[in-house]
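Colleague: I'd like to ask you about the structure that follows.
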Amino acid sequence: MKKSKVLVAGKLFDDLHETLLGRYDLVSNQADEVLEPATLARLMADREAAVVTPVDRVDAALLEAAPQLSIVCNIAVGYNNIDLGACTARKVVVTNTPGVLDETTADLGFALLLAAARRVVESDRWVRGGHWQAWRTTAWMGRDVHHARLGILGMGRIGQAIARRAAGFAMDVVYHNRSRLAPELEQACSARYVDKDQLLETSDFVLLCLPYTPATHHTIGIAELQCMRSDAVLVNIGRGGLIDDAALIEALRARRIAAAGLDVFENEPLLQRGFFDLDNVVLTPHIGSASLATRRAMCELALQNLHAALSGAVPPNILNPQVLGARP
Ligand code: GLV
C-alpha cells in the first residue's frame with residue numbers, strides 16, 4: 001500500500017519518531033533546525049499531512065505551496081500559528097493538543113508569579129555577582145502572594161488550574177472571561193466573576209491565560225496598565241500579542257506597575273531589547289508546557305490525531321470538523 005507523505009516540522013522524542021519511520025513516507029526535522037517559511041514551503045510541497053509546532057506558520061501562502069496537504073496537527077493547544085479559516089476553506093483538517101498541558105502550564109504561571117513577586121531571579125543574579133554582605137531588615141522587599149488578590153484574565157482549563165493553586169495561598173481570586181463559568185465551577189475554583197476594569201483596578205496580581213485572536217490583541221495596553229495598581233504584578237502565560245510589549249516596558253521602567261513575569265512575547269523569540277535592561281521582569285522562553293511528561297503527552301496526542309486523520313477517522317482534537325462533513 002502506498003505510504004502517506006508526512007512532514008514532521010519539529011523534533012519529536014526519538015522513540016516516537018521511530019514509530020513513524022516504517023509507517024509513513026516521512027520527512028522530518030530531528031535536527032530541530034529553525035525552518036524559515038521558504039524552507040517549510042519547500043518541505044511541504046508534496047506532503048499530505050504535517051505535524052507542526054507553534055513556530056511554524058501555516059497560512060494561505062504556505063497552503064498555496066502545498067497542494068496535496070489535507071491534515072495539519074499542531075503540537076500545542078494554542079493555534080494562532082495556523083490560519084484556521086484558510087485551512088478550512090482549503091478543506092485541510094487542523095488539530096491541536098488540549099487538556100494534557102493545563103496543570104504544567106499552570107505550574108509555570110505560578111512560578112512566574114512567585115518569582116516576580118519575591119524577586120527570585122533578580123536576587124539570584126545579585127548573589128552570584130558577589131554582592132551579598134549582610135542580612136538587612138529592609139533589603140529585598142517583595143510582595144506577599146498569600147492573601148493577595150489574583151485577577152485571572154481567561155478562565156479556561158489553565159485559568160481554573162491557576163485558581164485551584166491560588167486557594168493554597170489563601171488568595172482572593174477574581175476572574176474575567178468571555179463567558180461566565182457555571183456556578184459549580186466558580187465554586188470549585190473559589191473564584192468570583194468581575195468586569196475587566198474592576199479586575200485590573202483591584203488585583204495585586206493580574207495573570208493572562210487567554211488564547212491570542214484579533215479580539216484579544218493587546219488586551220493589556222497603555223490604558224489597561226494605567227488602570228492597574230502601582231504595586232501590581234503582571235504575568236503572561238498565554239501568548240505574545242496579548243500585551244503591548246512596548247507599553248509594558250515603559251510601565252515597568254517608570255514603575256507604574258511593580259513587576260512582570262512573562263513566558264510569551266510579541267514577535268518571539270526576537271523580543272524587545274528593552275526588557276533586558278529591567279530588573280523587575282522575569283523572562284522565560286515560552287516554556288509553559290515544557291515538562292518531560294507533558295511534552296511527551298502533547299507529541300503523543302498530536303500523533304494520535306495524525307494517525308486518526310490519515311486512516312479516515314475523525315481525529316479526537318479536530319478544530320474544524322466542518323471540513324470532514326464537507327468532504328466529497
Ligand atoms: C503552547 O504554547 C501551547 O499552546 O500549547
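Following the order of the C-alpha cells, first chain is A, next is B, and so on, with residues numbered from 1 inside each chain and ligands from 1 in the order they appear.
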Wanna dump the stretch 196-272 of chain A-stretch 64-82 of chain A contacts at 10 Å for me, each residue with its shortest atom pair and the distance in Å to one decimal, counting only C-alpha atoms, ordered by chain and number, as a Markdown table?
Modeller:
| residue | atom | partner | partner_atom | distance |
| --- | --- | --- | --- | --- |
| A:Leu210 | CA | A:Gly78 | CA | 9.3 |
| A:Pro211 | CA | A:Gly78 | CA | 6.4 |
| A:Tyr212 | CA | A:Asn80 | CA | 6.3 |
| A:Thr213 | CA | A:Asn80 | CA | 7.0 |
| A:Pro214 | CA | A:Asn80 | CA | 9.8 |
| A:Gly238 | CA | A:Gly78 | CA | 8.5 |
| A:Arg239 | CA | A:Gly78 | CA | 8.2 |
Colleague: Would you save the residues of that selection, restricted to N, CA, C and O atoms, as a short mmCIF file (atom, residue, chain, number, x, y, z; two decimals), in the first residue's frame?
Modeller:
data_model
loop_
_atom_site.label_atom_id
_atom_site.label_comp_id
_atom_site.auth_asym_id
_atom_site.auth_seq_id
_atom_site.Cartn_x
_atom_site.Cartn_y
_atom_site.Cartn_z
N LEU A 210 -5.18 33.75 28.12
CA LEU A 210 -6.16 33.79 27.04
C LEU A 210 -5.53 33.24 25.77
O LEU A 210 -4.31 33.32 25.60
N PRO A 211 -6.35 32.78 24.83
CA PRO A 211 -5.79 32.49 23.51
C PRO A 211 -5.55 33.82 22.78
O PRO A 211 -6.17 34.83 23.12
N TYR A 212 -4.66 33.83 21.81
CA TYR A 212 -4.43 35.05 21.03
C TYR A 212 -5.30 35.03 19.78
O TYR A 212 -5.21 34.10 18.97
N THR A 213 -6.15 36.03 19.65
CA THR A 213 -7.01 36.18 18.46
C THR A 213 -7.05 37.69 18.17
O THR A 213 -6.60 38.49 19.00
N PRO A 214 -7.61 38.09 17.02
CA PRO A 214 -7.73 39.54 16.79
C PRO A 214 -8.46 40.23 17.96
O PRO A 214 -8.13 41.34 18.34
N GLY A 238 -0.09 33.20 28.33
CA GLY A 238 -0.99 32.91 27.20
C GLY A 238 -0.24 32.91 25.89
O GLY A 238 0.30 31.88 25.45
N ARG A 239 -0.16 34.08 25.28
CA ARG A 239 0.53 34.24 24.02
C ARG A 239 1.09 35.65 23.92
O ARG A 239 0.53 36.59 24.50
#
Colleague: Going by DSSP on the backbone, which residues of stretch 81-146 of chain A come out as strand (DSSP E or B)? List them as JSON, numbers by chain.
Modeller: {"A": [82, 93, 94, 95]}
Colleague: So which residues touch A:Leu16 within 12 Å, counting only C-alpha atoms, skipping near sequence neighbours fewer than 2 positions away, as JSON, numbers by chain?
Modeller: {"A": [8, 11, 12, 13, 14, 18, 19, 20, 21, 22, 23, 28, 30, 295, 296, 297, 298, 299, 300, 301, 302, 303, 304]}
Colleague: Could you save those same residues with C-alpha atoms as a PDB file, in the first residue's frame?
Modeller:
ATOM      1  CA  VAL A   8       7.205  16.481  10.970  1.00  0.00           C
ATOM      2  CA  LYS A  11      11.945  17.401  16.697  1.00  0.00           C
ATOM      3  CA  LEU A  12       9.970  14.511  18.211  1.00  0.00           C
ATOM      4  CA  PHE A  13      11.103  12.226  21.038  1.00  0.00           C
ATOM      5  CA  ASP A  14      13.310   9.656  19.268  1.00  0.00           C
ATOM      6  CA  GLU A  18      10.930   5.781  15.138  1.00  0.00           C
ATOM      7  CA  THR A  19       7.295   4.676  15.135  1.00  0.00           C
ATOM      8  CA  LEU A  20       6.605   6.974  12.187  1.00  0.00           C
ATOM      9  CA  LEU A  21       9.539   5.801  10.078  1.00  0.00           C
ATOM     10  CA  GLY A  22       8.110   2.497   8.900  1.00  0.00           C
ATOM     11  CA  ARG A  23       4.550   3.715   8.769  1.00  0.00           C
ATOM     12  CA  SER A  28      11.328  15.107   9.484  1.00  0.00           C
ATOM     13  CA  GLN A  30      15.004  15.683  14.005  1.00  0.00           C
ATOM     14  CA  ARG A 295       5.708  17.468  26.140  1.00  0.00           C
ATOM     15  CA  ARG A 296       5.589  13.701  25.559  1.00  0.00           C
ATOM     16  CA  ALA A 297       1.840  13.710  26.101  1.00  0.00           C
ATOM     17  CA  MET A 298       1.478  16.576  23.620  1.00  0.00           C
ATOM     18  CA  CYS A 299       3.559  14.761  20.989  1.00  0.00           C
ATOM     19  CA  GLU A 300       1.624  11.539  21.537  1.00  0.00           C
ATOM     20  CA  LEU A 301      -1.690  13.360  21.204  1.00  0.00           C
ATOM     21  CA  ALA A 302      -0.556  15.126  18.026  1.00  0.00           C
ATOM     22  CA  LEU A 303       0.414  11.728  16.563  1.00  0.00           C
ATOM     23  CA  GLN A 304      -2.909  10.184  17.619  1.00  0.00           C
TER      24      GLN A 304
END
Colleague: Given the choices A:Val55, A:Cys87, A:Ile257, A:Val120, which gets closest to A:Glu36 if the distance is worked out from only C-alpha atoms?
Modeller: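 Nearest to A:Glu36: A:Val55.
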Colleague: In Å to one decimal, how far is atom CA of A:Arg256 from atom CA of A:Met155?
Modeller: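 Atom-to-atom, atom CA of A:Met155 and atom CA of A:Arg256 are spaced 25.9 Å apart.
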Colleague: Take atom CA of A:Val194 and atom CA of A:Leu208 and report the distance between them in Å, one decimal.
Modeller: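 Going from atom CA of A:Val194 over to atom CA of A:Leu208, I get 14.8 Å.
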Colleague: Running DSSP on the backbone, which parts of stretch 121-192 of chain A land in alpha helix (DSSP H), as a CSV table (one decimal) with C-alpha atoms, in the first residue's frame?
Modeller:
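Final file, selection32.csv:
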chain,number,residue,atom,x,y,z
A,121,VAL,CA,15.7,35.9,39.7
A,122,GLU,CA,16.9,39.4,40.5
A,123,SER,CA,18.3,38.4,43.9
A,124,ASP,CA,19.9,35.2,42.4
A,125,ARG,CA,21.8,37.4,39.9
A,126,TRP,CA,22.8,39.7,42.8
A,127,VAL,CA,24.1,36.8,45.0
A,128,ARG,CA,26.1,35.4,42.0
A,157,ARG,CA,-8.8,25.0,31.8
A,158,ILE,CA,-5.5,26.6,32.6
A,159,GLY,CA,-7.0,29.6,34.3
A,160,GLN,CA,-9.0,27.3,36.5
A,161,ALA,CA,-5.9,25.2,37.4
A,162,ILE,CA,-4.2,28.5,38.4
A,163,ALA,CA,-7.2,29.4,40.6
A,164,ARG,CA,-7.0,26.0,42.3
A,165,ARG,CA,-3.3,26.6,43.1
A,166,ALA,CA,-4.2,30.1,44.4
A,167,ALA,CA,-6.5,28.6,47.0
A,168,GLY,CA,-3.5,27.0,48.7
A,183,PRO,CA,-21.8,28.3,39.4
A,184,GLU,CA,-20.4,24.9,40.4
A,185,LEU,CA,-17.2,25.6,38.5
A,186,GLU,CA,-16.8,29.0,40.1
A,187,GLN,CA,-17.3,27.4,43.5
A,188,ALA,CA,-14.7,24.6,42.7
A,189,CYS,CA,-12.2,27.4,41.7
Colleague: Using only C-alpha atoms, which protein or nucleic acid residues come within 12 Å of A:Arg42? Drop anything in the same chain fewer than 3 positions from it, and give the result as a list of chain:residue names.
Modeller: A:Leu7, A:Ala9, A:Val27, A:Leu35, A:Glu36, A:Pro37, A:Ala38, A:Thr39, A:Ala45, A:Asp46, A:Arg47, A:Ala61, A:Leu62, A:Leu63, A:Glu64, A:Ala65, A:Ala66, A:Pro67
Colleague: Take the residues from that selection and put them in a file with N, CA, C and O atoms, as a compact mmCIF listing (two decimals), in the first residue's frame.
Modeller:
# COMPACT_ATOMS: atom_id res chain seq x y z
N LEU A 7 5.14 15.24 6.83
CA LEU A 7 6.25 16.09 7.30
C LEU A 7 6.11 16.29 8.81
O LEU A 7 5.01 16.61 9.30
N ALA A 9 7.64 18.84 11.34
CA ALA A 9 8.44 20.07 11.19
C ALA A 9 9.35 20.35 12.38
O ALA A 9 10.28 21.14 12.27
N VAL A 27 9.28 12.91 6.03
CA VAL A 27 10.32 13.95 6.03
C VAL A 27 10.25 14.55 7.42
O VAL A 27 9.17 14.94 7.88
N LEU A 35 13.01 26.36 10.81
CA LEU A 35 12.63 26.32 9.39
C LEU A 35 12.07 27.68 8.97
O LEU A 35 11.02 28.10 9.46
N GLU A 36 12.79 28.33 8.07
CA GLU A 36 12.28 29.60 7.51
C GLU A 36 11.04 29.28 6.69
O GLU A 36 10.90 28.16 6.17
N PRO A 37 10.13 30.27 6.51
CA PRO A 37 8.91 29.99 5.74
C PRO A 37 9.18 29.37 4.36
O PRO A 37 8.49 28.43 3.95
N ALA A 38 10.25 29.83 3.68
CA ALA A 38 10.52 29.29 2.34
C ALA A 38 10.93 27.81 2.44
O ALA A 38 10.55 26.99 1.59
N THR A 39 11.68 27.46 3.48
CA THR A 39 12.11 26.06 3.66
C THR A 39 10.90 25.20 3.99
O THR A 39 10.73 24.10 3.45
N ALA A 45 5.86 20.80 -0.07
CA ALA A 45 5.37 20.84 -1.45
C ALA A 45 4.58 19.59 -1.85
O ALA A 45 3.54 19.71 -2.50
N ASP A 46 5.04 18.39 -1.46
CA ASP A 46 4.33 17.17 -1.88
C ASP A 46 3.71 16.42 -0.70
O ASP A 46 3.37 15.25 -0.80
N ARG A 47 3.61 17.09 0.47
CA ARG A 47 3.15 16.38 1.67
C ARG A 47 1.62 16.36 1.78
O ARG A 47 0.95 17.33 1.45
N ALA A 61 -0.34 31.42 2.15
CA ALA A 61 0.81 31.30 1.24
C ALA A 61 1.40 29.88 1.33
O ALA A 61 1.74 29.28 0.31
N LEU A 62 1.48 29.36 2.54
CA LEU A 62 2.03 28.00 2.70
C LEU A 62 1.08 26.97 2.07
O LEU A 62 1.52 26.03 1.39
N LEU A 63 -0.22 27.17 2.28
CA LEU A 63 -1.18 26.22 1.70
C LEU A 63 -1.08 26.20 0.18
O LEU A 63 -1.18 25.15 -0.46
N GLU A 64 -0.86 27.38 -0.37
CA GLU A 64 -0.69 27.52 -1.83
C GLU A 64 0.49 26.66 -2.30
O GLU A 64 0.43 26.03 -3.35
N ALA A 65 1.54 26.61 -1.47
CA ALA A 65 2.75 25.87 -1.84
C ALA A 65 2.61 24.37 -1.55
O ALA A 65 3.52 23.60 -1.84
N ALA A 66 1.50 23.96 -0.93
CA ALA A 66 1.35 22.56 -0.52
C ALA A 66 0.00 22.02 -1.01
O ALA A 66 -0.90 21.76 -0.22
N PRO A 67 -0.12 21.82 -2.32
CA PRO A 67 -1.44 21.48 -2.87
C PRO A 67 -2.01 20.14 -2.39
O PRO A 67 -3.23 19.95 -2.41
Colleague: What is the distance between atom CA of A:Asp15 and atom CA of A:Asn29, in Å to one decimal?
Modeller: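 Distance reported for this atom pair: 14.3 Å.
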Colleague: Residues within 9 Å of A:His217, please, as a PyMOL selection string. Count only C-alpha atoms; anything in the same chain fewer than 4 positions from it doesn't count.
Modeller: chain A and resi 212-213+240-244
Colleague: Please list as number ranges by chain every residue within 10 Å of A:Asp197, counting only C-alpha atoms and excluding residues in the same chain fewer than 5 positions away.
Modeller: A: 176, 202, 224, 227-228
Colleague: Give one line per residue of stretch 20-133 of chain A that approaches stretch 144-152 of chain A to at most 8 Å, naming the two atoms of the closest pair and their distance in Å to one decimal, counting only C-alpha atoms; sort by chain then ascending residue number and deliver it as a tab-separated table.
Modeller:
residue	atom	partner	partner_atom	distance
A:Leu114	CA	A:Val145	CA	7.0
A:Ala117	CA	A:Asp144	CA	7.0
A:Arg118	CA	A:Asp144	CA	7.6
Colleague: Can you write just those residues out, C-alpha atoms, as a PDB file, in the first residue's frame?
Modeller:
ATOM      1  CA  LEU A 114       6.126  33.905  42.792  1.00  0.00           C
ATOM      2  CA  ALA A 117       6.651  38.912  43.481  1.00  0.00           C
ATOM      3  CA  ARG A 118       9.583  37.750  45.608  1.00  0.00           C
TER       4      ARG A 118
END
Colleague: Find, counting only C-alpha atoms and all ligand atoms, the residue in A:Val58, A:Ala290, A:Leu278, A:Val92 that gets nearest to ligand 1.
Modeller: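 Looking at the shortest contact to ligand 1, the residue is A:Ala290.
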Colleague: Here is a test: counting only C-alpha atoms and all ligand atoms, which residue of A:Leu26, A:Val174, A:Leu234, A:Cys209 is nearest to ligand 1?
Modeller: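 Smallest distance to ligand 1 is found for A:Cys209.
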Colleague: Which residue is closest to A:Val34? Choose from A:Arg57, A:Arg136, A:His17, A:Arg229 and count only C-alpha atoms.
Modeller: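 The closest residue to A:Val34 is A:Arg57.
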Colleague: Return the single residue from A:Ile287, A:Val282, A:Val323, A:Ala111 that is closest to ligand 1, with distances computed using only C-alpha atoms and all ligand atoms.
Modeller: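 The shortest atom-to-atom distance to ligand 1 comes from A:Ile287.
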